[in-house]
Structures are given as structure tokens and as C-alpha cells.
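This is target_27.cif. It holds mmCIF, C-alpha atoms.
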```cif
data_protein
#
loop_
_atom_site.group_PDB
_atom_site.id
_atom_site.type_symbol
_atom_site.label_atom_id
_atom_site.label_comp_id
_atom_site.auth_asym_id
_atom_site.auth_seq_id
_atom_site.Cartn_x
_atom_site.Cartn_y
_atom_site.Cartn_z
ATOM 1 C CA MET A 5 -7.614 34.444 0.925
ATOM 2 C CA ALA A 6 -9.739 31.407 0.171
ATOM 3 C CA ARG A 7 -8.101 27.995 0.084
ATOM 4 C CA THR A 8 -7.140 26.670 -3.340
ATOM 5 C CA GLN A 9 -5.261 23.516 -2.252
ATOM 6 C CA LEU A 10 -6.160 20.444 -0.220
ATOM 7 C CA ILE A 11 -5.251 20.423 3.476
ATOM 8 C CA THR A 12 -1.880 18.742 4.013
ATOM 9 C CA ARG A 13 -0.500 16.574 6.796
ATOM 10 C CA LEU A 14 1.954 19.329 7.729
ATOM 11 C CA GLU A 15 -0.902 21.777 8.254
ATOM 12 C CA VAL A 16 -2.778 19.302 10.446
ATOM 13 C CA ALA A 17 0.406 18.749 12.460
ATOM 14 C CA ALA A 18 0.593 22.521 13.019
ATOM 15 C CA CYS A 19 -2.954 22.558 14.462
ATOM 16 C CA PRO A 20 -3.979 19.046 15.567
ATOM 17 C CA THR A 21 -6.809 20.407 17.729
ATOM 18 C CA HIS A 22 -8.935 21.262 14.702
ATOM 19 C CA ARG A 23 -7.826 18.529 12.301
ATOM 20 C CA THR A 24 -11.396 17.324 11.717
ATOM 21 C CA ASN A 25 -12.890 20.796 11.238
ATOM 22 C CA VAL A 26 -12.366 21.573 7.546
ATOM 23 C CA GLY A 27 -14.021 24.968 7.939
ATOM 24 C CA HIS A 28 -11.192 25.975 10.253
ATOM 25 C CA TYR A 29 -8.828 25.928 7.233
ATOM 26 C CA LYS A 30 -11.107 27.357 4.513
ATOM 27 C CA ASP A 31 -10.149 31.031 4.798
ATOM 28 C CA HIS A 32 -6.411 30.476 4.426
ATOM 29 C CA ASP A 33 -4.419 29.061 1.521
ATOM 30 C CA VAL A 34 -1.952 27.646 4.064
ATOM 31 C CA GLY A 35 -2.681 26.988 7.708
ATOM 32 C CA CYS A 36 -5.773 27.715 9.754
ATOM 33 C CA ASP A 37 -7.543 30.275 11.915
ATOM 34 C CA CYS A 38 -5.399 29.469 14.997
ATOM 35 C CA LEU A 39 -2.137 30.515 13.379
ATOM 36 C CA THR A 40 -0.863 34.067 13.160
ATOM 37 C CA GLU A 41 0.002 35.503 9.756
ATOM 38 C CA GLU A 42 3.685 35.114 10.618
ATOM 39 C CA ARG A 43 3.205 31.453 11.533
ATOM 40 C CA ARG A 44 1.202 30.800 8.338
ATOM 41 C CA SER A 45 4.028 32.352 6.275
ATOM 42 C CA GLU A 46 6.557 30.123 8.019
ATOM 43 C CA LEU A 47 4.322 27.104 7.443
ATOM 44 C CA ALA A 48 4.033 28.005 3.738
ATOM 45 C CA ARG A 49 7.840 27.989 3.443
ATOM 46 C CA ARG A 50 8.079 24.656 5.255
ATOM 47 C CA LEU A 51 5.349 23.212 3.038
ATOM 48 C CA GLU A 52 7.143 24.389 -0.104
ATOM 49 C CA ASP A 53 10.363 22.733 1.125
ATOM 50 C CA ALA A 54 8.516 19.526 2.006
ATOM 51 C CA ARG A 55 6.972 19.384 -1.481
ATOM 52 C CA ALA A 56 10.378 19.933 -3.113
ATOM 53 C CA GLU A 57 11.871 17.114 -1.014
ATOM 54 C CA GLY A 58 8.980 14.740 -1.691
ATOM 55 C CA ASN A 59 8.240 14.611 2.029
ATOM 56 C CA PRO A 60 4.954 12.779 2.775
ATOM 57 C CA LEU A 61 3.975 15.591 5.164
ATOM 58 C CA ALA A 62 3.198 17.618 2.032
ATOM 59 C CA ASP A 63 0.596 15.034 0.984
ATOM 60 C CA PRO A 64 -3.101 15.874 1.334
ATOM 61 C CA VAL A 65 -4.918 14.537 4.378
ATOM 62 C CA GLU A 66 -7.245 11.685 3.509
#
```
Could you rewrite the structure in this file as C-alpha cells?
Amino acid sequence: MARTQLITRLEVAACPTHRTNVGHYKDHDVGCDCLTEERRSELARRLEDARAEGNPLADPVE
């Protein structure tokens, strides 16, 4: 699935090694190439919760 949203701080925290490589995130709507499908699903739930709570980790990376 191609990415439709901006990369968030929570996603970068999940994979800090590739935080400057935007291409590493392009093939996934949530998460990156390093994460398993299970881990990306978990991250999607955490991101949804963070957005609902107004947590700044859900903000896009600058």
C-alpha cells in the first residue's frame, strides 16, 4: 500500500535508524520497511490513539 499520510514522529521513533530516508516509508501507509506487518498494525493502533489524545507524537515530522 502506498503512503497517503505524512510520516509522524511516532513512526520515526519506531525506526530511528532510517528517519532521514523518506523512501524507507513510502510503501507503507504506517511504518516502514523494517517493521513486520504485525508491528505496523500495532503502530497503526498506537498512532490512532495518539491522534485521538492529541499527543504530539502523532504530528508529522518536519
Hey, what's within 10 Å of segment 20-25 of chain A if we count all atoms listed in the file and toss same-chain stuff fewer than 2 positions away? As a list in words, please? Ile11, Arg13, Leu14, Glu15, Val16, Ala17, Ala18, Gly27, His28, Tyr29, Lys30, Cys36, Asp37, Cys38 and Val65 of chain A
For the selection you just gave me, I'd like the residues written to a file as a CSV table (one decimal), in the frame of the given file, keeping C-alpha atoms.
```
chain,number,residue,atom,x,y,z
A,11,ILE,CA,-5.3,20.4,3.5
A,13,ARG,CA,-0.5,16.6,6.8
A,14,LEU,CA,2.0,19.3,7.7
A,15,GLU,CA,-0.9,21.8,8.3
A,16,VAL,CA,-2.8,19.3,10.4
A,17,ALA,CA,0.4,18.7,12.5
A,18,ALA,CA,0.6,22.5,13.0
A,27,GLY,CA,-14.0,25.0,7.9
A,28,HIS,CA,-11.2,26.0,10.3
A,29,TYR,CA,-8.8,25.9,7.2
A,30,LYS,CA,-11.1,27.4,4.5
A,36,CYS,CA,-5.8,27.7,9.8
A,37,ASP,CA,-7.5,30.3,11.9
A,38,CYS,CA,-5.4,29.5,15.0
A,65,VAL,CA,-4.9,14.5,4.4
```
Result set of the PyMOL selection byres ((chain A and resi 47-56) around 9) on the coordinates above, as a PyMOL selection string: chain A and resi 12+14-15+18+33-35+42-46+57-63
Can you tell me which residues surround His32 of chain A at a distance of at most 9 Å, considering only C-alpha atoms, apart from same-chain residues fewer than 6 positions away, and format the answer as a short mmCIF file (atom, residue, chain, number, x, y, z; two decimals) with C-alpha atoms, keeping the file's coordinate frame?
```
data_model
loop_
_atom_site.label_atom_id
_atom_site.label_comp_id
_atom_site.auth_asym_id
_atom_site.auth_seq_id
_atom_site.Cartn_x
_atom_site.Cartn_y
_atom_site.Cartn_z
CA MET A 5 -7.61 34.44 0.92
CA ALA A 6 -9.74 31.41 0.17
CA ARG A 7 -8.10 28.00 0.08
CA THR A 8 -7.14 26.67 -3.34
CA ARG A 44 1.20 30.80 8.34
#
```
Add whatever atoms are absent from segment 7-21 of chain A to reach N, CA and C atoms, and provide the output as a compact mmCIF listing (two decimals), keeping the file's coordinate frame.
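After the write, selection-v2.txt holds the following:
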```
# COMPACT_ATOMS: atom_id res chain seq x y z
N ARG A 7 -8.96 29.15 0.33
CA ARG A 7 -8.10 28.00 0.08
C ARG A 7 -8.26 27.50 -1.35
N THR A 8 -7.13 27.21 -1.98
CA THR A 8 -7.14 26.67 -3.34
C THR A 8 -6.55 25.27 -3.40
N GLN A 9 -5.92 24.82 -2.29
CA GLN A 9 -5.26 23.52 -2.25
C GLN A 9 -5.89 22.66 -1.15
N LEU A 10 -5.69 21.36 -1.26
CA LEU A 10 -6.16 20.44 -0.22
C LEU A 10 -5.35 20.64 1.06
N ILE A 11 -5.94 20.33 2.19
CA ILE A 11 -5.25 20.42 3.48
C ILE A 11 -4.18 19.33 3.54
N THR A 12 -2.99 19.69 3.97
CA THR A 12 -1.88 18.74 4.01
C THR A 12 -1.63 18.22 5.43
N ARG A 13 -0.86 17.16 5.50
CA ARG A 13 -0.50 16.57 6.80
C ARG A 13 0.30 17.55 7.64
N LEU A 14 1.15 18.34 7.01
CA LEU A 14 1.95 19.33 7.73
C LEU A 14 1.06 20.38 8.39
N GLU A 15 0.02 20.80 7.69
CA GLU A 15 -0.90 21.78 8.25
C GLU A 15 -1.66 21.20 9.44
N VAL A 16 -2.08 19.96 9.34
CA VAL A 16 -2.78 19.30 10.45
C VAL A 16 -1.84 19.15 11.63
N ALA A 17 -0.58 18.86 11.37
CA ALA A 17 0.41 18.75 12.46
C ALA A 17 0.60 20.09 13.16
N ALA A 18 0.44 21.19 12.43
CA ALA A 18 0.59 22.52 13.02
C ALA A 18 -0.60 22.90 13.90
N CYS A 19 -1.75 22.27 13.67
CA CYS A 19 -2.95 22.56 14.46
C CYS A 19 -3.77 21.28 14.63
N PRO A 20 -3.28 20.32 15.42
CA PRO A 20 -3.98 19.05 15.57
C PRO A 20 -5.33 19.16 16.27
N THR A 21 -5.55 20.23 17.00
CA THR A 21 -6.81 20.41 17.73
C THR A 21 -8.01 20.46 16.79
```
